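**Q** I'd like to ask some things about the structure below.
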Number of protein chains: 4
Amino acid sequence: MPDHLRTVREFVRTELIGHQAELDVLTDLPLPVYKRFADTGLANWWLPAEYGGLGLSLSETVPIVSELAYGDAGVAFTAFISVLTTSMVTWYGSDELKQQYLTELVGQGGFCATLGSEHAAGSELARITTTVRRDGDSLVLNGQKAFSTNTDFGRFLVVIAKVEGSSDFLAVLVPRDTPGVIIDKRWDVIGLRASGTYQVSLADCRVPAGYALRGNGLRLLEIGLNASRILIATTGLGIARRLRDECMDYAKTKSVKGAPLSANPVFAGKLGQMEMQIEVMTNQCLAAAAEYTAIASRPDAADEWLRQGTLKSALTTKMFCGLTGWQIASVASEMFGGVGYTESSIAGKLMRDMRYVSIVEGGDDVLRDLVFTRYVVPVGKRA
Amino acid sequence: MPDHLRTVREFVRTELIGHQAELDVLTDLPLPVYKRFADTGLANWWLPAEYGGLGLSLSETVPIVSELAYGDAGVAFTAFISVLTTSMVTWYGSDELKQQYLTELVGQGGFCATLGSEHAAGSELARITTTVRRDGDSLVLNGQKAFSTNTDFGRFLVVIAKVEGSSDFLAVLVPRDTPGVIIDKRWDVIGLRASGTYQVSLADCRVPAGYALRGNGLRLLEIGLNASRILIATTGLGIARRLRDECMDYAKTKSVKGAPLSANPVFAGKLGQMEMQIEVMTNQCLAAAAEYTAIASRPDAADEWLRQGTLKSALTTKMFCGLTGWQIASVASEMFGGVGYTESSIAGKLMRDMRYVSIVEGGDDVLRDLVFTRYVVPVGKRA
Amino acid sequence: MPDHLRTVREFVRTELIGHQAELDVLTDLPLPVYKRFADTGLANWWLPAEYGGLGLSLSETVPIVSELAYGDAGVAFTAFISVLTTSMVTWYGSDELKQQYLTELVGQGGFCATLGSEHAAGSELARITTTVRRDGDSLVLNGQKAFSTNTDFGRFLVVIAKVEGSSDFLAVLVPRDTPGVIIDKRWDVIGLRASGTYQVSLADCRVPAGYALRGNGLRLLEIGLNASRILIATTGLGIARRLRDECMDYAKTKSVKGAPLSANPVFAGKLGQMEMQIEVMTNQCLAAAAEYTAIASRPDAADEWLRQGTLKSALTTKMFCGLTGWQIASVASEMFGGVGYTESSIAGKLMRDMRYVSIVEGGDDVLRDLVFTRYVVPVGKRA
Amino acid sequence: MPDHLRTVREFVRTELIGHQAELDVLTDLPLPVYKRFADTGLANWWLPAEYGGLGLSLSETVPIVSELAYGDAGVAFTAFISVLTTSMVTWYGSDELKQQYLTELVGQGGFCATLGSEHAAGSELARITTTVRRDGDSLVLNGQKAFSTNTDFGRFLVVIAKVEGSSDFLAVLVPRDTPGVIIDKRWDVIGLRASGTYQVSLADCRVPAGYALRGNGLRLLEIGLNASRILIATTGLGIARRLRDECMDYAKTKSVKGAPLSANPVFAGKLGQMEMQIEVMTNQCLAAAAEYTAIASRPDAADEWLRQGTLKSALTTKMFCGLTGWQIASVASEMFGGVGYTESSIAGKLMRDMRYVSIVEGGDDVLRDLVFTRYVVPVGKRA
């Protein structure tokens, strides 16, 4: 096991496990535990070495996120979701931008956020109404974004906006402290409560023209979502592993028909099924991450991503882990008898946490439609 | 539509719908809304006319509970769960007990509770360790009961206890204000938060010997559970109907690909499936209630129940509605996009409420085993 | 148990059970076993007393069909599917037609068929291209019908056809021996092989004008399908009961870990689940049949049917029993080990038979769409 | 694409696709198409180079088997199932045995078979009753084996037998033409009809003592099953890919509501789901094969296999592909309307073929129990 993973496990063991109650409520952000994670030196572990980062690949990231989510999915989500933003900046930001903002991010162990989705547009990104216009050497942004994680305490944002009077879209880096960035509210989410997701308004936010990233903003967002979708799926894996272990721990203490529950054949069958599903989730996350890593390692990665856009494996991994994770959570939440219906058990929290995998960054209907249109209809792209 | 059902609907419309926020938190019980339900004159609607009650049958009860649960499942559960207790008292209590306690219950529109399940025993009732012993003209009870609803604010309890030094069990009526009835704690449940479920200790609780109900306490509990299991299933039906209507309301306002979501074929397919499931749940609840009502209407109902014990239809109805309700909640909770993952949507609450159907009063594994042993193995009892 | 049901059981026991091999192949029709069923006096048991029939209701029919399908679903389908045709004739045929054709059907214990579906039209009946035109006192029909059961050996047919030069449709009775009725082929079906389904062409088939049934042909077909859909669902119930009993028989003989399979908790759980599903299927079939029977018993049944058209319960019952039956068949077909993959076991045949419930007379997608459009969108029609 | 895969595709295209009718019946074996596959030079592609084979790894085998099963799963099964036998011989046979029998197998492009399962023993291999005893320089075998594929036309067999008077088991190579090898019958299977599975008796079969393979016979069988289970799973993948393509082909020709079925959103959703499942199946098969290949490539592979026995990934891959493949077959078989219920469509055959994945070489209940006992209970082995 690599050292960094050992560090993550230790962090999970000491800082997350057993802290369920405090992590499952909405309190002021950033949480102290974010700082303690940064203190391990692992914050934003994927940032390139040229900006001082550890440069860990997505393949190396999957075990990290699975471990973090085993402890708490909200902390895991907070820790990795900046990758959606930084991957766009890394490949399509100017050298100056990268030098300034990525280096600073490494140094501070801080956060950044992407402002993509809007209420009316939903998953149809082309219907985004937030606008950007050129005004001299500046870009001016206006609009409202529905769901954006880490925004309030992030150092900088990337906003996806429609170019006024055009059908083009841009992705624009906006420092968090830019006047006009207004946090409308923090969402009262049903799970992942250790993370913070916000509705944000942009009122005449003005940034230098060079803060626009290169390329079509919608395409950049698609590219950024590849990593985050694979890692959202991976949190489902981590939660599933935790559920399995909680079931096993419970089954040792619970007696049924004069024997421990762990010796009950029906229980054994359910856990055997769960283990099978966990193994398949693991292999699927790793396979998608390997595909991602192979592209990301190319010298022409930025251009190759523009050609590929949304990876099929990112879509299928999130779908699969969301669906399978939900099956596991549904089975597990029934295993603890009446206690499982109370907050004395962690089963309810894990179930609520799991739910987000199938909802965030594209519901399953949206993803099925994307997979069909882009990968089933074009014969050559079928598996 | 009968008048009483019209009254229930009006109550649901004015007192429950739209009050989600206040009903989904643990606050002091009894809630004011319980009193407002009693003010409709419908509290404990099933109590026999000879004690001043309305005497509505279980067949008439199913629509009432479905409507109440459409509004709030916790309020519904609070309102009907006394039936578990009163049915044991009605059939197996002495005339004096009935005259006193049932008449009072009607007059006060109050509550009562059954103390059956224990931590170690789980669903294996024969492992109950709470004891009862004869001491002169009194019965003395000692033990701890894990899950009991309405107990704290109920007027009387029925306790299932093992006769000391014997393998017999008794069901004993214990007035709530009997010294030694100790509410250990209220459970912090993950749903149904408008109801109250308690862990209760009995420390040398002393009642007159005549407070024991006639017959084996475990058999009486089985008999009492018939009505409550059918009605727990029915709350699943009510929640399912609410989910469907919430989906339809949302779909009218949400646009997808330039058309309302309600015109989307995938959405239509899901709602068509849901409607099918709701109809089958309805018919199953009604069929079980009809079977129950037929037995309960017999002049020799008390004896016939002793012969039959657990009704197959009560087991299958709870299993079916729990499983199907969970499918509906799982599908519905994904339909609202990101908002569905927040407390701005009622989907999360309805999902948490739904979960109890498959957990309370016997998990599905326990019920499957019961159905198999009692109804599949004996050839003549197969459907 | 009513006498007629006792007769059916005896027929099933002696003529169907154990005859799997001969009933599961395509051979010349009608099979001798059809004649033996007619010899019981029960053929077309639903035909009205005024034509000499037994006049059994659909509620009484459900147990009959469940029993027949327990023996062989193909024989059951052959025996009841004429109801689709006769219900249209009974309510919308002229007195002369009924007197002649229904009386004859009773006397002969024979068959009739409906010619509705066409290849291109699929489930969109409005796209039917078979035509009927008036020619003096005659009607002349032309076209091709894709799937029609009992046609070759039926005494008369009812053809759904578009009126030439109009957007109207008619349902026309066509005696089987009418010149121009051409059996193109018998379908080589994957299950239900004791029944016969045909592709049929109509080439200038000429019948008297009075052979047209009263009312819109598509509406009449909808009405006729109510009974047959409920009974197709009921065959699923019969097959499911058979699968359960085959599993139980096998489990008594099979040893696992030193005990009979029937004592294995995983097996018990599966059979408990199956029994639950069978009970729900039973109640749903009976509930739909009761609704149908109530309408059919009205003095104004013919007009009421025209108002109601497709019954929601007929759609939901077929959907539910198809889906649930398939779950049961899927579980059961794995229970017999390697032998279950061979023709030494009846599991494979029962699985193939079961498949038809979800396919014939409208696939689930078509039915979901119908339920949504007709019963979810109109608020007042929701359950 | 490697050359050998191109060859396989060409073989599938010319020899299998379109030959459904002739491949889906039981006829004399070996089929001429087996010979034509051998003519491509690819028969037994995995046999080591030292015996003249191509030495392709299991990782390279997965695409081959997926392609063959895309054409016909029975032909695929026939072509790869010898690997179960040859892997035992390769790792645990004497040099003389290997030199003779493996070299001959390469030269002839022939077959071999394993005789493991017995009727009473089922999946509990320790209950095997076939015996082997030492008689001078010979071993003498007696017993009956329930299911063995390729046996009749195989060149040699490996028989798993209990050592008389001991609790040990041996795996013994028995040339097919040994006196006393009696083919009791060929099973009339419900799918995979291009393959041949037999019940076989051994009556005083005598072979040289050196024909016993090294090590415990049950352990060797476990080891042999690793490759075959992964490849059985892979046939599920191939069938699933075929089903998807058949659905797409049909959808182009079928019109629904005035548009091609392929433009229907419900259809798109189903195919998107299917593609997701196919991708996950692919990654799981490849991951298991990679794990297998890594062990098989070790210089100490034979000993390492003895340590590891049954691979978790072999169990989970077969379970997952069986379950998922069955979901796909269930969905697909409803997509063709009425034609899908006839032999005019390939859907029925593919469904019957798919069924074997969950049944052969251990049903899912058996595998779940194995996964639980060996990989969930020992904490360190959990994923």
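Lettering and numbering for the structure tokens are positional, with chains as A, B, ... in the shown order, residues counted from 1 in each chain, and ligands counted from 1 in the shown order.
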Would you give me, as a PyMOL selection string, the residues of chain B that come within 10 Å of chain D, using only C-alpha atoms?
**A** chain B and resi 264-270
**Q** Taking the DSSP assignment computed from this structure's backbone, write out as an MDAnalysis selection string all residues of segment 206-282 of chain D that belong to strand (DSSP E).
**A** chainID D and resid 206:208 255:256 259:260
**Q** Near Glu96 of chain A, counting only C-alpha atoms, which residues have an atom at most 12 Å away, once you skip same-chain residues fewer than 6 positions from it, shown as a list in words?
**A**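 In the requested form, the answer reads Tyr51, Val89, Thr90, Leu102, Thr103, Pro208, Gly210, Tyr211, Ala212 and Leu213 of chain A.
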**Q** Rounded to one decimal in Å, what is the spacing between atom CA of Ile232 of chain A and atom CA of Val357 of chain A?
**A**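 One can read the atom CA of Ile232 of chain A to atom CA of Val357 of chain A distance as 6.0 Å.
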**Q** Segment 144-273 of chain D: which residues are helix (DSSP H, G or I) by DSSP, as a PDB file with C-alpha atoms, in the first residue's frame?
**A**
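Heads up, here's the output in out-v4.pdb:
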ATOM      1  CA  ALA D 209      -1.144 -45.026 -11.960  1.00  0.00           C
ATOM      2  CA  GLY D 210       0.815 -42.178 -13.538  1.00  0.00           C
ATOM      3  CA  TYR D 211      -2.412 -40.822 -14.985  1.00  0.00           C
ATOM      4  CA  GLY D 217      -8.576 -33.674  -6.767  1.00  0.00           C
ATOM      5  CA  LEU D 218     -11.127 -31.274  -5.325  1.00  0.00           C
ATOM      6  CA  ARG D 219      -8.580 -28.490  -5.140  1.00  0.00           C
ATOM      7  CA  LEU D 220      -7.573 -29.171  -8.728  1.00  0.00           C
ATOM      8  CA  LEU D 221     -11.178 -28.977  -9.812  1.00  0.00           C
ATOM      9  CA  GLU D 222     -11.554 -25.627  -8.031  1.00  0.00           C
ATOM     10  CA  ILE D 223      -8.491 -24.383  -9.863  1.00  0.00           C
ATOM     11  CA  GLY D 224      -9.748 -25.622 -13.216  1.00  0.00           C
ATOM     12  CA  LEU D 225     -13.104 -23.952 -12.674  1.00  0.00           C
ATOM     13  CA  ASN D 226     -11.488 -20.524 -12.386  1.00  0.00           C
ATOM     14  CA  ALA D 227     -10.901 -20.210 -16.090  1.00  0.00           C
ATOM     15  CA  SER D 228     -14.135 -21.834 -17.149  1.00  0.00           C
ATOM     16  CA  ARG D 229     -16.271 -19.720 -14.822  1.00  0.00           C
ATOM     17  CA  ILE D 230     -14.735 -16.534 -16.144  1.00  0.00           C
ATOM     18  CA  LEU D 231     -15.386 -17.732 -19.686  1.00  0.00           C
ATOM     19  CA  ILE D 232     -18.944 -18.817 -18.958  1.00  0.00           C
ATOM     20  CA  ALA D 233     -19.470 -15.263 -17.712  1.00  0.00           C
ATOM     21  CA  THR D 234     -17.913 -14.050 -20.924  1.00  0.00           C
ATOM     22  CA  THR D 235     -20.409 -15.971 -23.033  1.00  0.00           C
ATOM     23  CA  GLY D 236     -23.070 -13.974 -21.166  1.00  0.00           C
ATOM     24  CA  LEU D 237     -21.306 -10.858 -22.338  1.00  0.00           C
ATOM     25  CA  GLY D 238     -21.271 -12.072 -25.926  1.00  0.00           C
ATOM     26  CA  ILE D 239     -24.966 -12.960 -25.857  1.00  0.00           C
ATOM     27  CA  ALA D 240     -25.736  -9.568 -24.316  1.00  0.00           C
ATOM     28  CA  ARG D 241     -23.890  -7.745 -27.077  1.00  0.00           C
ATOM     29  CA  ARG D 242     -25.822  -9.755 -29.652  1.00  0.00           C
ATOM     30  CA  LEU D 243     -29.130  -8.941 -27.986  1.00  0.00           C
ATOM     31  CA  ARG D 244     -28.291  -5.244 -28.008  1.00  0.00           C
ATOM     32  CA  ASP D 245     -27.442  -5.318 -31.691  1.00  0.00           C
ATOM     33  CA  GLU D 246     -30.559  -7.317 -32.543  1.00  0.00           C
ATOM     34  CA  CYS D 247     -32.620  -4.716 -30.688  1.00  0.00           C
ATOM     35  CA  MET D 248     -30.952  -1.899 -32.598  1.00  0.00           C
ATOM     36  CA  ASP D 249     -31.465  -3.627 -35.939  1.00  0.00           C
ATOM     37  CA  TYR D 250     -35.121  -4.201 -35.160  1.00  0.00           C
ATOM     38  CA  ALA D 251     -35.590  -0.646 -33.918  1.00  0.00           C
ATOM     39  CA  LYS D 252     -34.492   0.792 -37.223  1.00  0.00           C
ATOM     40  CA  THR D 253     -37.220  -1.066 -39.078  1.00  0.00           C
ATOM     41  CA  LEU D 261     -38.480   2.850 -32.573  1.00  0.00           C
ATOM     42  CA  SER D 262     -34.813   3.821 -32.382  1.00  0.00           C
ATOM     43  CA  ALA D 263     -35.902   7.440 -31.856  1.00  0.00           C
ATOM     44  CA  PRO D 265     -36.988   7.799 -25.616  1.00  0.00           C
ATOM     45  CA  VAL D 266     -38.137   4.726 -23.682  1.00  0.00           C
ATOM     46  CA  PHE D 267     -36.249   2.510 -26.113  1.00  0.00           C
ATOM     47  CA  ALA D 268     -33.233   4.804 -25.881  1.00  0.00           C
ATOM     48  CA  GLY D 269     -33.288   4.538 -22.097  1.00  0.00           C
ATOM     49  CA  LYS D 270     -33.358   0.760 -22.227  1.00  0.00           C
ATOM     50  CA  LEU D 271     -30.509   0.588 -24.692  1.00  0.00           C
ATOM     51  CA  GLY D 272     -28.501   3.133 -22.710  1.00  0.00           C
ATOM     52  CA  GLN D 273     -28.956   0.945 -19.660  1.00  0.00           C
TER      53      GLN D 273
END
**Q** Could you state the separation of atom CA of Val331 of chain D and atom CA of Met274 of chain D in Å, given to one decimal place?
**A**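 Spanning atom CA of Val331 of chain D to atom CA of Met274 of chain D is a straight-line distance of 9.0 Å.
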**Q** Can you tell me how far atom CA of Ala171 of chain D sits from atom CA of Asp135 of chain D, in Å to one decimal?
**A**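 It comes out at 16.4 Å.
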**Q** Mind checking which residues fall within 12 Å of Leu5 of chain B, counting only C-alpha atoms, ignoring those fewer than 5 positions away in the same chain, and posting them as a PDB file with C-alpha atoms, in the first residue's frame?
**A**
ATOM      1  CA  GLU B  10     -60.437  17.775   4.893  1.00  0.00           C
ATOM      2  CA  PHE B  11     -58.249  17.216   7.947  1.00  0.00           C
ATOM      3  CA  VAL B  12     -55.387  16.065   5.752  1.00  0.00           C
ATOM      4  CA  THR B  40     -62.996  15.705  14.209  1.00  0.00           C
ATOM      5  CA  GLY B  41     -64.601  12.994  16.303  1.00  0.00           C
ATOM      6  CA  LEU B  42     -62.751  10.267  14.443  1.00  0.00           C
ATOM      7  CA  TRP B  45     -62.611   5.113  14.745  1.00  0.00           C
ATOM      8  CA  LEU B  56     -65.685   1.150  11.654  1.00  0.00           C
ATOM      9  CA  GLU B  60     -63.420   0.983   6.161  1.00  0.00           C
ATOM     10  CA  THR B  61     -60.141   1.762   7.901  1.00  0.00           C
ATOM     11  CA  VAL B  62     -57.903   1.201   4.887  1.00  0.00           C
ATOM     12  CA  PRO B  63     -59.085   4.311   3.023  1.00  0.00           C
ATOM     13  CA  ILE B  64     -58.842   6.368   6.221  1.00  0.00           C
ATOM     14  CA  VAL B  65     -55.233   5.354   6.843  1.00  0.00           C
ATOM     15  CA  SER B  66     -54.296   5.772   3.191  1.00  0.00           C
ATOM     16  CA  GLU B  67     -55.603   9.344   3.317  1.00  0.00           C
ATOM     17  CA  LEU B  68     -53.896  10.160   6.607  1.00  0.00           C
TER      18      LEU B  68
END
**Q** Might you pull out every residue within 8 Å of Val207 of chain D, with only C-alpha atoms counted and same-chain residues fewer than 4 positions away left off, and present them as an MDAnalysis selection string?
**A** chainID D and resid 138:140 173:174 178 211
**Q** Pick out the residues sitting within 8 Å of Ile182 of chain C, and hand them over as a VMD selection string; count only C-alpha atoms, and ignore anything fewer than 6 positions along from it in its own chain.
**A** chain C and resid 200 to 203
**Q** Considering only C-alpha atoms, return as an MDAnalysis selection string whatever protein or nucleic-acid residues lie within 12 Å of Glu304 of chain C, sequence-local ones (same chain, fewer than 3 positions apart) excluded.
**A** chainID C and resid 91 219:220 223 292 294:301 307:311
